[in-house]
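Heads up, final.cif below (mmCIF, C-alpha atoms):
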data_data
loop_
_atom_site.group_PDB
_atom_site.id
_atom_site.type_symbol
_atom_site.label_atom_id
_atom_site.label_comp_id
_atom_site.auth_asym_id
_atom_site.auth_seq_id
_atom_site.Cartn_x
_atom_site.Cartn_y
_atom_site.Cartn_z
ATOM 1 C CA MET A 698 17.935 -1.519 7.490
ATOM 2 C CA SER A 699 17.894 2.257 7.487
ATOM 3 C CA ASP A 700 14.573 4.046 7.755
ATOM 4 C CA THR A 701 15.630 6.137 4.772
ATOM 5 C CA ASN A 702 14.750 3.163 2.597
ATOM 6 C CA PHE A 703 11.191 4.451 2.808
ATOM 7 C CA THR A 704 9.869 7.725 1.442
ATOM 8 C CA ASP A 705 6.489 9.187 2.267
ATOM 9 C CA PRO A 706 5.533 12.303 0.285
ATOM 10 C CA VAL A 707 2.035 12.468 1.769
ATOM 11 C CA PRO A 708 1.307 14.057 5.189
ATOM 12 C CA TYR A 709 -0.101 11.589 7.692
ATOM 13 C CA GLU A 710 -2.256 11.714 10.792
ATOM 14 C CA SER A 711 -1.889 9.943 14.110
ATOM 15 C CA LEU A 712 -3.852 6.758 14.570
ATOM 16 C CA GLN A 713 -4.656 7.797 18.091
ATOM 17 C CA LYS A 714 -6.952 10.422 16.550
ATOM 18 C CA GLU A 715 -8.337 7.913 14.045
ATOM 19 C CA ILE A 716 -9.515 5.269 16.520
ATOM 20 C CA SER A 717 -11.190 7.063 19.385
ATOM 21 C CA PRO A 718 -11.490 5.838 22.980
ATOM 22 C CA LYS A 719 -15.215 5.373 22.344
ATOM 23 C CA SER A 720 -14.390 2.389 20.156
ATOM 24 C CA ALA A 721 -12.193 0.704 22.743
ATOM 25 C CA SER A 722 -14.818 -1.961 23.428
ATOM 26 C CA SER A 723 -14.300 -3.267 19.902
ATOM 27 C CA VAL A 724 -10.811 -2.310 18.770
ATOM 28 C CA SER A 725 -8.279 -1.564 21.472
ATOM 29 C CA PRO A 726 -6.256 1.597 20.744
ATOM 30 C CA SER A 727 -3.435 0.102 22.778
ATOM 31 C CA ALA A 728 -3.350 -2.954 20.498
ATOM 32 C CA VAL A 729 -3.194 -0.679 17.465
ATOM 33 C CA ALA A 730 -0.458 1.418 19.065
ATOM 34 C CA LEU A 731 1.503 -1.723 19.929
ATOM 35 C CA ILE A 732 1.496 -2.841 16.297
ATOM 36 C CA ARG A 733 2.394 0.626 15.052
ATOM 37 C CA ASN A 734 5.168 1.237 17.563
ATOM 38 C CA ASP A 735 6.739 -2.118 16.809
ATOM 39 C CA LEU A 736 7.401 -0.964 13.253
ATOM 40 C CA ARG A 737 10.375 0.985 11.954
ATOM 41 C CA LEU A 738 9.976 4.700 11.418
ATOM 42 C CA GLY A 739 9.361 4.381 7.692
ATOM 43 C CA GLN A 740 6.847 1.591 8.237
ATOM 44 C CA GLN A 741 5.064 3.704 10.838
ATOM 45 C CA LYS A 742 4.470 6.343 8.182
ATOM 46 C CA MET A 743 2.700 3.657 6.173
ATOM 47 C CA ALA A 744 0.652 2.611 9.212
ATOM 48 C CA ASP A 745 -0.453 6.218 9.759
ATOM 49 C CA TRP A 746 -2.067 6.367 6.313
ATOM 50 C CA HIS A 747 -5.663 7.571 6.418
ATOM 51 C CA PHE A 748 -6.891 8.241 2.880
ATOM 52 C CA GLY A 749 -5.754 9.433 -0.538
ATOM 53 C CA PRO A 750 -2.696 8.480 -2.578
ATOM 54 C CA LEU A 751 0.391 7.231 -0.759
ATOM 55 C CA ALA A 752 3.553 6.069 -2.545
ATOM 56 C CA VAL A 753 6.259 4.182 -0.663
ATOM 57 C CA SER A 754 9.699 3.540 -2.119
ATOM 58 C CA ALA A 755 11.705 0.770 -0.507
ATOM 59 C CA VAL A 756 14.724 -1.318 -1.433
ATOM 60 C CA PRO A 757 14.380 -5.139 -1.325
ATOM 61 C CA GLY A 758 14.506 -6.415 2.241
ATOM 62 C CA ALA A 759 13.460 -3.101 3.786
ATOM 63 C CA GLY A 760 10.274 -4.593 5.227
ATOM 64 C CA LYS A 761 7.775 -3.133 2.811
ATOM 65 C CA SER A 762 5.452 -6.155 2.838
ATOM 66 C CA THR A 763 5.444 -6.222 6.637
ATOM 67 C CA GLY A 764 4.656 -2.515 6.731
ATOM 68 C CA MET A 765 1.901 -2.978 4.174
ATOM 69 C CA ALA A 766 0.379 -5.861 6.126
ATOM 70 C CA ALA A 767 0.371 -3.847 9.361
ATOM 71 C CA THR A 768 -1.114 -0.862 7.528
ATOM 72 C CA ALA A 769 -3.782 -3.089 6.018
ATOM 73 C CA ALA A 770 -4.785 -4.505 9.406
ATOM 74 C CA ILE A 771 -4.971 -1.047 10.975
ATOM 75 C CA ALA A 772 -6.996 0.289 8.030
ATOM 76 C CA ILE A 773 -9.394 -2.649 8.373
ATOM 77 C CA ALA A 774 -9.734 -1.875 12.086
ATOM 78 C CA ARG A 775 -10.648 1.722 11.250
ATOM 79 C CA GLN A 776 -13.140 0.537 8.670
ATOM 80 C CA TYR A 777 -14.584 -1.926 11.179
ATOM 81 C CA GLU A 778 -15.328 0.952 13.540
ATOM 82 C CA SER A 779 -16.684 3.349 10.914
ATOM 83 C CA SER A 780 -18.972 0.815 9.225
ATOM 84 C CA ARG A 781 -21.203 -0.069 12.160
ATOM 85 C CA THR A 782 -24.139 1.824 10.673
ATOM 86 C CA LYS A 783 -23.577 0.961 7.013
ATOM 87 C CA ALA A 784 -22.441 -1.866 4.793
ATOM 88 C CA ARG A 785 -18.853 -2.856 5.427
ATOM 89 C CA ARG A 786 -16.439 -2.476 2.542
ATOM 90 C CA GLN A 787 -13.335 -4.427 1.640
ATOM 91 C CA LEU A 788 -9.671 -3.558 1.400
ATOM 92 C CA ILE A 789 -8.211 -4.765 -1.899
ATOM 93 C CA VAL A 790 -4.542 -5.764 -1.801
ATOM 94 C CA VAL A 791 -2.897 -6.359 -5.168
ATOM 95 C CA THR A 792 0.418 -8.130 -5.652
ATOM 96 C CA PHE A 793 2.427 -9.084 -8.704
ATOM 97 C CA THR A 794 2.769 -12.829 -8.042
ATOM 98 C CA ARG A 795 0.748 -15.564 -6.370
ATOM 99 C CA SER A 796 3.543 -16.267 -3.886
ATOM 100 C CA ALA A 797 3.561 -12.619 -2.818
ATOM 101 C CA ALA A 798 -0.226 -12.721 -2.472
ATOM 102 C CA ALA A 799 -0.056 -15.777 -0.227
ATOM 103 C CA ASN A 800 2.697 -14.203 1.894
ATOM 104 C CA ILE A 801 0.950 -10.895 2.559
ATOM 105 C CA LYS A 802 -2.386 -12.631 3.223
ATOM 106 C CA VAL A 803 -0.796 -14.591 6.067
ATOM 107 C CA LYS A 804 0.777 -11.446 7.530
ATOM 108 C CA ILE A 805 -2.462 -9.457 7.437
ATOM 109 C CA ARG A 806 -4.302 -12.261 9.202
ATOM 110 C CA GLU A 807 -1.639 -12.376 11.903
ATOM 111 C CA TYR A 808 -2.022 -8.647 12.563
ATOM 112 C CA LEU A 809 -5.836 -8.886 12.614
ATOM 113 C CA LYS A 810 -5.531 -11.653 15.160
ATOM 114 C CA LYS A 811 -3.430 -9.358 17.354
ATOM 115 C CA LEU A 812 -6.226 -6.794 17.099
ATOM 116 C CA SER A 813 -8.794 -9.440 18.104
ATOM 117 C CA LEU A 814 -10.626 -8.870 14.821
ATOM 118 C CA PRO A 815 -12.099 -11.423 12.413
ATOM 119 C CA GLN A 816 -9.549 -12.357 9.783
ATOM 120 C CA THR A 817 -11.764 -10.886 7.083
ATOM 121 C CA GLY A 818 -12.431 -7.480 5.547
ATOM 122 C CA PHE A 819 -9.794 -7.787 2.843
ATOM 123 C CA THR A 820 -9.060 -9.680 -0.364
ATOM 124 C CA VAL A 821 -5.647 -10.300 -1.913
ATOM 125 C CA TYR A 822 -5.325 -10.690 -5.677
ATOM 126 C CA THR A 823 -2.733 -10.728 -8.364
ATOM 127 C CA LEU A 824 -3.467 -7.941 -10.843
ATOM 128 C CA HIS A 825 -4.760 -10.362 -13.437
ATOM 129 C CA GLY A 826 -6.757 -12.295 -10.859
ATOM 130 C CA LEU A 827 -8.505 -9.064 -9.869
ATOM 131 C CA ALA A 828 -9.224 -8.234 -13.515
ATOM 132 C CA LEU A 829 -10.596 -11.707 -14.169
ATOM 133 C CA ASN A 830 -12.804 -11.476 -11.093
ATOM 134 C CA ILE A 831 -14.349 -8.198 -12.267
ATOM 135 C CA ALA A 832 -14.732 -9.379 -15.863
ATOM 136 C CA SER A 833 -16.394 -12.651 -14.862
ATOM 137 C CA ARG A 834 -18.935 -10.910 -12.607
ATOM 138 C CA HIS A 835 -20.058 -8.723 -15.501
ATOM 139 C CA ALA A 836 -19.654 -10.990 -18.502
ATOM 140 C CA ASP A 837 -22.235 -9.045 -20.509
ATOM 141 C CA LEU A 838 -20.094 -5.900 -20.220
ATOM 142 C CA SER A 839 -16.614 -7.421 -20.352
ATOM 143 C CA GLY A 840 -17.316 -9.468 -23.464
ATOM 144 C CA LEU A 841 -15.569 -12.438 -21.853
ATOM 145 C CA GLN A 842 -17.595 -15.620 -21.779
ATOM 146 C CA LEU A 843 -15.162 -17.611 -19.680
ATOM 147 C CA GLU A 844 -16.683 -20.949 -20.618
ATOM 148 C CA ASN A 845 -15.899 -20.193 -24.268
ATOM 149 C CA VAL A 846 -12.390 -18.702 -24.072
ATOM 150 C CA THR A 847 -8.992 -20.015 -23.022
ATOM 151 C CA LEU A 848 -6.324 -17.978 -21.251
ATOM 152 C CA ILE A 849 -2.904 -18.593 -22.756
ATOM 153 C CA THR A 850 0.397 -18.397 -20.921
ATOM 154 C CA PRO A 851 3.233 -16.083 -22.024
ATOM 155 C CA SER A 852 5.066 -19.031 -23.628
ATOM 156 C CA GLN A 853 1.951 -19.912 -25.620
ATOM 157 C CA SER A 854 1.607 -16.258 -26.581
ATOM 158 C CA HIS A 855 5.132 -16.352 -28.012
ATOM 159 C CA ARG A 856 4.141 -19.239 -30.271
ATOM 160 C CA PHE A 857 1.185 -17.215 -31.526
ATOM 161 C CA ILE A 858 3.516 -14.316 -32.207
ATOM 162 C CA ARG A 859 5.740 -16.513 -34.352
ATOM 163 C CA ALA A 860 2.674 -17.774 -36.215
ATOM 164 C CA ALA A 861 1.569 -14.168 -36.707
ATOM 165 C CA VAL A 862 4.995 -13.328 -38.176
ATOM 166 C CA GLU A 863 4.763 -16.164 -40.697
ATOM 167 C CA GLN A 864 1.229 -15.170 -41.656
ATOM 168 C CA TRP A 865 2.250 -11.533 -42.078
ATOM 169 C CA ILE A 866 5.168 -12.536 -44.328
ATOM 170 C CA SER A 867 2.830 -14.667 -46.432
ATOM 171 C CA ASN A 868 0.402 -11.756 -46.858
ATOM 172 C CA ASN A 869 3.038 -9.040 -47.363
ATOM 173 C CA SER A 870 5.753 -10.560 -49.531
ATOM 174 C CA ASP A 871 6.766 -7.271 -51.193
ATOM 175 C CA ARG A 872 7.266 -5.477 -47.885
ATOM 176 C CA TYR A 873 9.068 -8.485 -46.456
ATOM 177 C CA TYR A 874 11.579 -8.535 -49.304
ATOM 178 C CA ARG A 875 12.080 -4.806 -48.935
ATOM 179 C CA LEU A 876 13.104 -5.401 -45.324
ATOM 180 C CA LEU A 877 15.212 -8.359 -46.385
ATOM 181 C CA GLU A 878 17.227 -6.463 -48.963
ATOM 182 C CA GLY A 879 17.731 -3.285 -46.946
ATOM 183 C CA HIS A 880 20.867 -1.296 -47.814
ATOM 184 C CA GLN A 881 24.027 -2.532 -49.521
ATOM 185 C CA PHE A 882 22.706 -5.944 -50.517
ATOM 186 C CA ASP A 883 24.472 -7.401 -53.560
ATOM 187 C CA GLY A 884 22.149 -10.372 -54.025
ATOM 188 C CA GLU A 885 24.658 -12.968 -52.799
ATOM 189 C CA GLU A 886 22.673 -16.100 -51.837
ATOM 190 C CA THR A 887 24.501 -16.891 -48.596
ATOM 191 C CA GLU A 888 23.894 -13.365 -47.315
ATOM 192 C CA ARG A 889 20.252 -13.574 -48.373
ATOM 193 C CA LEU A 890 19.752 -16.778 -46.387
ATOM 194 C CA ARG A 891 21.462 -15.278 -43.329
ATOM 195 C CA ARG A 892 19.301 -12.175 -43.466
ATOM 196 C CA GLN A 893 16.194 -14.236 -44.001
ATOM 197 C CA SER A 894 16.929 -16.364 -40.934
ATOM 198 C CA VAL A 895 17.621 -13.365 -38.705
ATOM 199 C CA LEU A 896 14.582 -11.442 -39.956
ATOM 200 C CA ARG A 897 12.108 -14.328 -39.573
ATOM 201 C CA THR A 898 13.344 -15.795 -36.306
ATOM 202 C CA GLU A 899 14.696 -12.776 -34.428
ATOM 203 C CA ILE A 900 13.896 -9.289 -35.692
ATOM 204 C CA LEU A 901 10.222 -9.609 -36.650
ATOM 205 C CA PRO A 902 9.262 -11.788 -33.628
ATOM 206 C CA GLU A 903 11.020 -9.327 -31.278
ATOM 207 C CA LEU A 904 9.290 -6.393 -32.957
ATOM 208 C CA ALA A 905 5.926 -8.126 -32.662
ATOM 209 C CA LEU A 906 6.481 -9.128 -29.027
ATOM 210 C CA THR A 907 7.484 -5.603 -27.981
ATOM 211 C CA VAL A 908 4.755 -3.799 -29.884
ATOM 212 C CA ILE A 909 1.954 -6.184 -28.915
ATOM 213 C CA HIS A 910 2.773 -6.036 -25.221
ATOM 214 C CA GLU A 911 3.436 -2.291 -25.057
ATOM 215 C CA ALA A 912 0.457 -1.372 -27.233
ATOM 216 C CA LYS A 913 -2.095 -3.669 -25.593
ATOM 217 C CA SER A 914 -0.984 -2.784 -22.082
ATOM 218 C CA SER A 915 -1.454 0.895 -22.999
ATOM 219 C CA GLY A 916 -4.845 0.414 -24.663
ATOM 220 C CA ILE A 917 -3.547 1.080 -28.195
ATOM 221 C CA SER A 918 -5.198 -0.834 -31.034
ATOM 222 C CA PRO A 919 -3.624 -2.009 -34.328
ATOM 223 C CA GLU A 920 -5.790 0.563 -36.112
ATOM 224 C CA GLN A 921 -4.315 3.379 -34.026
ATOM 225 C CA LEU A 922 -0.790 2.212 -34.792
ATOM 226 C CA ARG A 923 -1.585 2.104 -38.489
ATOM 227 C CA GLU A 924 -2.911 5.657 -38.381
ATOM 228 C CA TRP A 925 0.222 6.833 -36.584
ATOM 229 C CA SER A 926 2.394 5.104 -39.177
ATOM 230 C CA LYS A 927 0.943 7.376 -41.859
ATOM 231 C CA GLN A 928 2.570 10.313 -40.119
ATOM 232 C CA THR A 929 6.079 8.833 -40.321
ATOM 233 C CA THR A 930 8.625 9.086 -43.140
ATOM 234 C CA ASP A 931 10.492 5.856 -42.365
ATOM 235 C CA GLU A 932 11.372 4.261 -45.708
ATOM 236 C CA TYR A 933 10.827 0.786 -44.251
ATOM 237 C CA ALA A 934 7.504 1.750 -42.606
ATOM 238 C CA ILE A 935 8.429 -0.124 -39.436
ATOM 239 C CA LEU A 936 5.453 1.204 -37.467
ATOM 240 C CA SER A 937 3.124 -0.010 -40.201
ATOM 241 C CA VAL A 938 4.838 -3.409 -40.142
ATOM 242 C CA ALA A 939 4.369 -3.505 -36.365
ATOM 243 C CA ALA A 940 0.674 -2.677 -36.739
ATOM 244 C CA GLY A 941 0.290 -5.502 -39.243
ATOM 245 C CA LEU A 942 1.986 -8.013 -36.938
ATOM 246 C CA TYR A 943 -0.183 -6.867 -34.026
ATOM 247 C CA GLU A 944 -3.345 -7.155 -36.118
ATOM 248 C CA GLN A 945 -2.387 -10.633 -37.318
ATOM 249 C CA TYR A 946 -1.765 -11.743 -33.736
ATOM 250 C CA GLN A 947 -5.173 -10.454 -32.644
ATOM 251 C CA ASN A 948 -6.878 -12.221 -35.543
ATOM 252 C CA LEU A 949 -5.210 -15.519 -34.669
ATOM 253 C CA MET A 950 -6.222 -15.181 -31.027
ATOM 254 C CA ARG A 951 -9.853 -14.408 -31.852
ATOM 255 C CA SER A 952 -10.109 -17.233 -34.364
ATOM 256 C CA ARG A 953 -9.240 -19.729 -31.620
ATOM 257 C CA ASP A 954 -11.129 -18.021 -28.770
ATOM 258 C CA PHE A 955 -7.902 -17.369 -26.864
ATOM 259 C CA ILE A 956 -7.135 -14.425 -24.589
ATOM 260 C CA ASP A 957 -3.885 -13.269 -23.025
ATOM 261 C CA TYR A 958 -3.204 -11.445 -19.756
ATOM 262 C CA ASP A 959 -3.571 -8.014 -21.335
ATOM 263 C CA ASP A 960 -7.021 -8.999 -22.629
ATOM 264 C CA MET A 961 -8.092 -9.647 -19.030
ATOM 265 C CA ILE A 962 -7.164 -6.108 -17.990
ATOM 266 C CA LEU A 963 -8.943 -4.663 -21.028
ATOM 267 C CA ALA A 964 -12.055 -6.718 -20.234
ATOM 268 C CA ALA A 965 -12.158 -5.402 -16.657
ATOM 269 C CA LEU A 966 -11.797 -1.838 -17.909
ATOM 270 C CA ARG A 967 -14.712 -2.362 -20.301
ATOM 271 C CA VAL A 968 -16.803 -3.267 -17.264
ATOM 272 C CA LEU A 969 -15.703 -0.162 -15.378
ATOM 273 C CA GLU A 970 -16.657 2.081 -18.311
ATOM 274 C CA ASN A 971 -20.263 1.317 -17.376
ATOM 275 C CA HIS A 972 -21.467 3.768 -14.716
ATOM 276 C CA SER A 973 -23.639 1.295 -12.786
ATOM 277 C CA ALA A 974 -21.071 -1.492 -12.785
ATOM 278 C CA ARG A 975 -18.339 0.933 -11.771
ATOM 279 C CA ARG A 976 -20.336 2.137 -8.761
ATOM 280 C CA ILE A 977 -21.079 -1.448 -7.738
ATOM 281 C CA GLU A 978 -17.380 -2.314 -7.784
ATOM 282 C CA GLN A 979 -16.248 0.916 -6.102
ATOM 283 C CA ASN A 980 -18.838 0.655 -3.346
ATOM 284 C CA GLN A 981 -17.410 -2.706 -2.283
ATOM 285 C CA VAL A 982 -13.942 -1.211 -1.772
ATOM 286 C CA PHE A 983 -12.688 1.303 0.784
ATOM 287 C CA ALA A 984 -9.031 1.259 -0.318
ATOM 288 C CA VAL A 985 -6.605 -0.378 -2.719
ATOM 289 C CA PHE A 986 -3.055 -1.289 -1.710
ATOM 290 C CA GLU A 987 -0.667 -2.291 -4.499
ATOM 291 C CA ASP A 988 2.650 -4.043 -4.052
ATOM 292 C CA GLU A 989 5.429 -3.458 -6.626
ATOM 293 C CA ALA A 990 3.454 -0.663 -8.271
ATOM 294 C CA GLN A 991 6.426 0.314 -10.420
ATOM 295 C CA ASP A 992 5.924 -2.859 -12.472
ATOM 296 C CA SER A 993 2.338 -2.041 -13.447
ATOM 297 C CA SER A 994 1.399 -1.111 -16.995
ATOM 298 C CA PRO A 995 -0.610 2.072 -17.710
ATOM 299 C CA LEU A 996 -3.852 0.108 -18.018
ATOM 300 C CA GLN A 997 -3.217 -1.857 -14.826
ATOM 301 C CA THR A 998 -2.638 1.415 -12.984
ATOM 302 C CA LYS A 999 -5.816 2.855 -14.503
ATOM 303 C CA LEU A 1000 -7.814 -0.176 -13.296
ATOM 304 C CA LEU A 1001 -6.633 0.250 -9.702
ATOM 305 C CA GLU A 1002 -7.128 4.011 -9.722
ATOM 306 C CA ILE A 1003 -10.754 3.568 -10.802
ATOM 307 C CA LEU A 1004 -11.412 1.043 -8.041
ATOM 308 C CA ALA A 1005 -9.747 3.282 -5.458
ATOM 309 C CA ARG A 1006 -12.159 6.123 -6.146
ATOM 310 C CA ASP A 1007 -15.048 6.253 -3.735
ATOM 311 C CA GLY A 1008 -18.307 5.398 -5.506
ATOM 312 C CA GLU A 1009 -20.182 7.233 -2.774
ATOM 313 C CA GLY A 1010 -18.301 10.453 -3.420
ATOM 314 C CA GLY A 1011 -15.682 10.269 -0.683
ATOM 315 C CA SER A 1012 -11.964 9.538 -0.776
ATOM 316 C CA GLY A 1013 -10.464 6.165 -1.410
ATOM 317 C CA GLY A 1014 -7.224 4.567 -2.414
ATOM 318 C CA GLY A 1015 -3.844 3.718 -1.057
#
Write out the structure in this file as structure tokens.
Amino acid sequence: MSDTNFTDPVPYESLQKEISPKSASSVSPSAVALIRNDLRLGQQKMADWHFGPLAVSAVPGAGKSTGMAATAAIAIARQYESSRTKARRQLIVVTFTRSAAANIKVKIREYLKKLSLPQTGFTVYTLHGLALNIASRHADLSGLQLENVTLITPSQSHRFIRAAVEQWISNNSDRYYRLLEGHQFDGEETERLRRQSVLRTEILPELALTVIHEAKSSGISPEQLREWSKQTTDEYAILSVAAGLYEQYQNLMRSRDFIDYDDMILAALRVLENHSARRIEQNQVFAVFEDEAQDSSPLQTKLLEILARDGEGGSGGG
């Protein structure tokens, strides 16, 4: 695979300058160099990362996970050397799926073994696993009492959305019939039944699903949507309808003590709004590596960016 499958917009420094000969008794520079030099050119740019933001673009099969694992092991080696006189901090690796998490964990351990280092110093999470971990450690701030709530799967969430649609229709019959009639409706019963079926089973559920996911993952509340709807001139008030569906969904979830995946991210962010809790979490982390970052929502990105900041005032992140 061509090295051009990787892009590195951030200048990098040589690892030979990062791990000095003085540390050779603990981490062999030659072992580090061997790992680095065994990588492709684009992967080497990843391995030379030191601090600050670094974005890597790679097509499937280009070896991004291998490069990330090697970079993680080298970063842990650097941290191992620099933390001899202070508390050691962890590298956080975030993936999109559990299978990806398991895969990169194995690779990082293999590289640490080559460096003759303990296979520790890092933790691999899915995004929602990381959020749940933070929220559960600070239940008083997150508002999540895990023994009292149930996390629902996406398929269960879809059932709640359909229930929210039916409840909204029941509470807003006039607006529902306005949507049903639309333009050029002559009152013919067969056409009414067709429209009713499409509206109840396709259009409104799709509207609710899209708005709920996009709004919650961006930190937008039903109240905010309703306020925005007042600024529109849409004769069907679609944004207001969307806000009502979203609100009904939230009410149903709360009434049954259910949470969805977006609620987990929001709970973790509530924790990190607290200055003391934020410093506690940041001071345990020296860098954050994220796989498949392009798939993250705005709030998921915000969560990782907060963790990547150095609680002690230095630089962090990856």
List the residues selected by the PyMOL selection byres ((chain A and resi 869-881) around 10) in the file shown, writing them as a PDB file with C-alpha atoms, in the frame of the given file.
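expr-v8.pdb was written with the following content:
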ATOM      1  CA  GLU A 863       4.763 -16.164 -40.697  1.00  0.00           C
ATOM      2  CA  GLN A 864       1.229 -15.170 -41.656  1.00  0.00           C
ATOM      3  CA  TRP A 865       2.250 -11.533 -42.078  1.00  0.00           C
ATOM      4  CA  ILE A 866       5.168 -12.536 -44.328  1.00  0.00           C
ATOM      5  CA  SER A 867       2.830 -14.667 -46.432  1.00  0.00           C
ATOM      6  CA  ASN A 868       0.402 -11.756 -46.858  1.00  0.00           C
ATOM      7  CA  PHE A 882      22.706  -5.944 -50.517  1.00  0.00           C
ATOM      8  CA  ASP A 883      24.472  -7.401 -53.560  1.00  0.00           C
ATOM      9  CA  GLY A 884      22.149 -10.372 -54.025  1.00  0.00           C
ATOM     10  CA  GLU A 888      23.894 -13.365 -47.315  1.00  0.00           C
ATOM     11  CA  ARG A 889      20.252 -13.574 -48.373  1.00  0.00           C
ATOM     12  CA  LEU A 890      19.752 -16.778 -46.387  1.00  0.00           C
ATOM     13  CA  ARG A 891      21.462 -15.278 -43.329  1.00  0.00           C
ATOM     14  CA  ARG A 892      19.301 -12.175 -43.466  1.00  0.00           C
ATOM     15  CA  GLN A 893      16.194 -14.236 -44.001  1.00  0.00           C
ATOM     16  CA  SER A 894      16.929 -16.364 -40.934  1.00  0.00           C
ATOM     17  CA  VAL A 895      17.621 -13.365 -38.705  1.00  0.00           C
ATOM     18  CA  LEU A 896      14.582 -11.442 -39.956  1.00  0.00           C
ATOM     19  CA  ARG A 897      12.108 -14.328 -39.573  1.00  0.00           C
ATOM     20  CA  LEU A 901      10.222  -9.609 -36.650  1.00  0.00           C
ATOM     21  CA  GLU A 932      11.372   4.261 -45.708  1.00  0.00           C
ATOM     22  CA  TYR A 933      10.827   0.786 -44.251  1.00  0.00           C
ATOM     23  CA  ALA A 934       7.504   1.750 -42.606  1.00  0.00           C
ATOM     24  CA  ILE A 935       8.429  -0.124 -39.436  1.00  0.00           C
ATOM     25  CA  VAL A 938       4.838  -3.409 -40.142  1.00  0.00           C
ATOM     26  CA  GLY A 941       0.290  -5.502 -39.243  1.00  0.00           C
TER      27      GLY A 941
END
- Message: Going by the chain IDs and residue numbers used in this file, which residues fall under the PyMOL selection byres ((chain A and resi 811) around 12)? Write them as a VMD selection string.
- Response: chain A and resid 724 to 733 767 770 to 771 774 804 to 810 812 to 816
Taking all atoms listed in the file into account, produce a table as JSON lines in which each residue of segment 802-911 of chain A with an atom at most 10 Å from an atom of segment 947-965 of chain A appears once, together with its shortest atom pair and the distance in Å to one decimal, ordered by chain and rising number.
{"residue": "A:Leu824", "atom": "CA", "partner": "A:Ile962", "partner_atom": "CA", "distance": 8.3}
{"residue": "A:His825", "atom": "CA", "partner": "A:Met961", "partner_atom": "CA", "distance": 6.5}
{"residue": "A:Gly826", "atom": "CA", "partner": "A:Met961", "partner_atom": "CA", "distance": 8.7}
{"residue": "A:Leu827", "atom": "CA", "partner": "A:Ala965", "partner_atom": "CA", "distance": 8.5}
{"residue": "A:Ala828", "atom": "CA", "partner": "A:Ala965", "partner_atom": "CA", "distance": 5.1}
{"residue": "A:Leu829", "atom": "CA", "partner": "A:Met961", "partner_atom": "CA", "distance": 5.8}
{"residue": "A:Asn830", "atom": "CA", "partner": "A:Ala965", "partner_atom": "CA", "distance": 8.3}
{"residue": "A:Ile831", "atom": "CA", "partner": "A:Ala965", "partner_atom": "CA", "distance": 5.6}
{"residue": "A:Ala832", "atom": "CA", "partner": "A:Ala965", "partner_atom": "CA", "distance": 4.8}
{"residue": "A:Ser833", "atom": "CA", "partner": "A:Ala965", "partner_atom": "CA", "distance": 8.6}
{"residue": "A:Arg834", "atom": "CA", "partner": "A:Ala965", "partner_atom": "CA", "distance": 9.6}
{"residue": "A:His835", "atom": "CA", "partner": "A:Ala965", "partner_atom": "CA", "distance": 8.6}
{"residue": "A:Ala836", "atom": "CA", "partner": "A:Ala964", "partner_atom": "CA", "distance": 8.9}
{"residue": "A:Leu838", "atom": "CA", "partner": "A:Ala964", "partner_atom": "CA", "distance": 8.1}
{"residue": "A:Ser839", "atom": "CA", "partner": "A:Ala964", "partner_atom": "CA", "distance": 4.6}
{"residue": "A:Gly840", "atom": "CA", "partner": "A:Ala964", "partner_atom": "CA", "distance": 6.8}
{"residue": "A:Leu841", "atom": "CA", "partner": "A:Ala964", "partner_atom": "CA", "distance": 6.9}
{"residue": "A:Gln842", "atom": "CA", "partner": "A:Asp954", "partner_atom": "CA", "distance": 9.8}
{"residue": "A:Leu843", "atom": "CA", "partner": "A:Ile956", "partner_atom": "CA", "distance": 9.9}
{"residue": "A:Asn845", "atom": "CA", "partner": "A:Asp954", "partner_atom": "CA", "distance": 6.9}
{"residue": "A:Val846", "atom": "CA", "partner": "A:Asp954", "partner_atom": "CA", "distance": 4.9}
{"residue": "A:Thr847", "atom": "CA", "partner": "A:Phe955", "partner_atom": "CA", "distance": 4.8}
{"residue": "A:Leu848", "atom": "CA", "partner": "A:Ile956", "partner_atom": "CA", "distance": 4.9}
{"residue": "A:Ile849", "atom": "CA", "partner": "A:Asp957", "partner_atom": "CA", "distance": 5.4}
{"residue": "A:Thr850", "atom": "CA", "partner": "A:Asp957", "partner_atom": "CA", "distance": 7.0}
{"residue": "A:Pro851", "atom": "CA", "partner": "A:Asp957", "partner_atom": "CA", "distance": 7.7}
{"residue": "A:Gln853", "atom": "CA", "partner": "A:Asp957", "partner_atom": "CA", "distance": 9.2}
{"residue": "A:Ser854", "atom": "CA", "partner": "A:Asp957", "partner_atom": "CA", "distance": 7.2}
{"residue": "A:Phe857", "atom": "CA", "partner": "A:Leu949", "partner_atom": "CA", "distance": 7.3}
{"residue": "A:Ile858", "atom": "CA", "partner": "A:Leu949", "partner_atom": "CA", "distance": 9.1}
{"residue": "A:Ala860", "atom": "CA", "partner": "A:Leu949", "partner_atom": "CA", "distance": 8.3}
{"residue": "A:Ala861", "atom": "CA", "partner": "A:Leu949", "partner_atom": "CA", "distance": 7.2}
{"residue": "A:Gln864", "atom": "CA", "partner": "A:Leu949", "partner_atom": "CA", "distance": 9.5}
{"residue": "A:Ile909", "atom": "CA", "partner": "A:Gln947", "partner_atom": "CA", "distance": 9.1}
{"residue": "A:His910", "atom": "CA", "partner": "A:Asp959", "partner_atom": "CA", "distance": 7.7}
{"residue": "A:Glu911", "atom": "CA", "partner": "A:Asp959", "partner_atom": "CA", "distance": 9.8}
- Task: May I have the residues at most 12 Å from (-14.3, -3.2, 3.5) in the file's coordinates, counting only C-alpha atoms, as number ranges by chain?
- Result: A: 769-770, 772-781, 783-790, 817-820, 978-985, 1005, 1007, 1013
- Coordinates-based distance that separates atom CA of Ser994 of chain A from atom CA of Thr823 of chain A (Å, one decimal):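 That distance, rounded to one decimal, is 13.6 Å.
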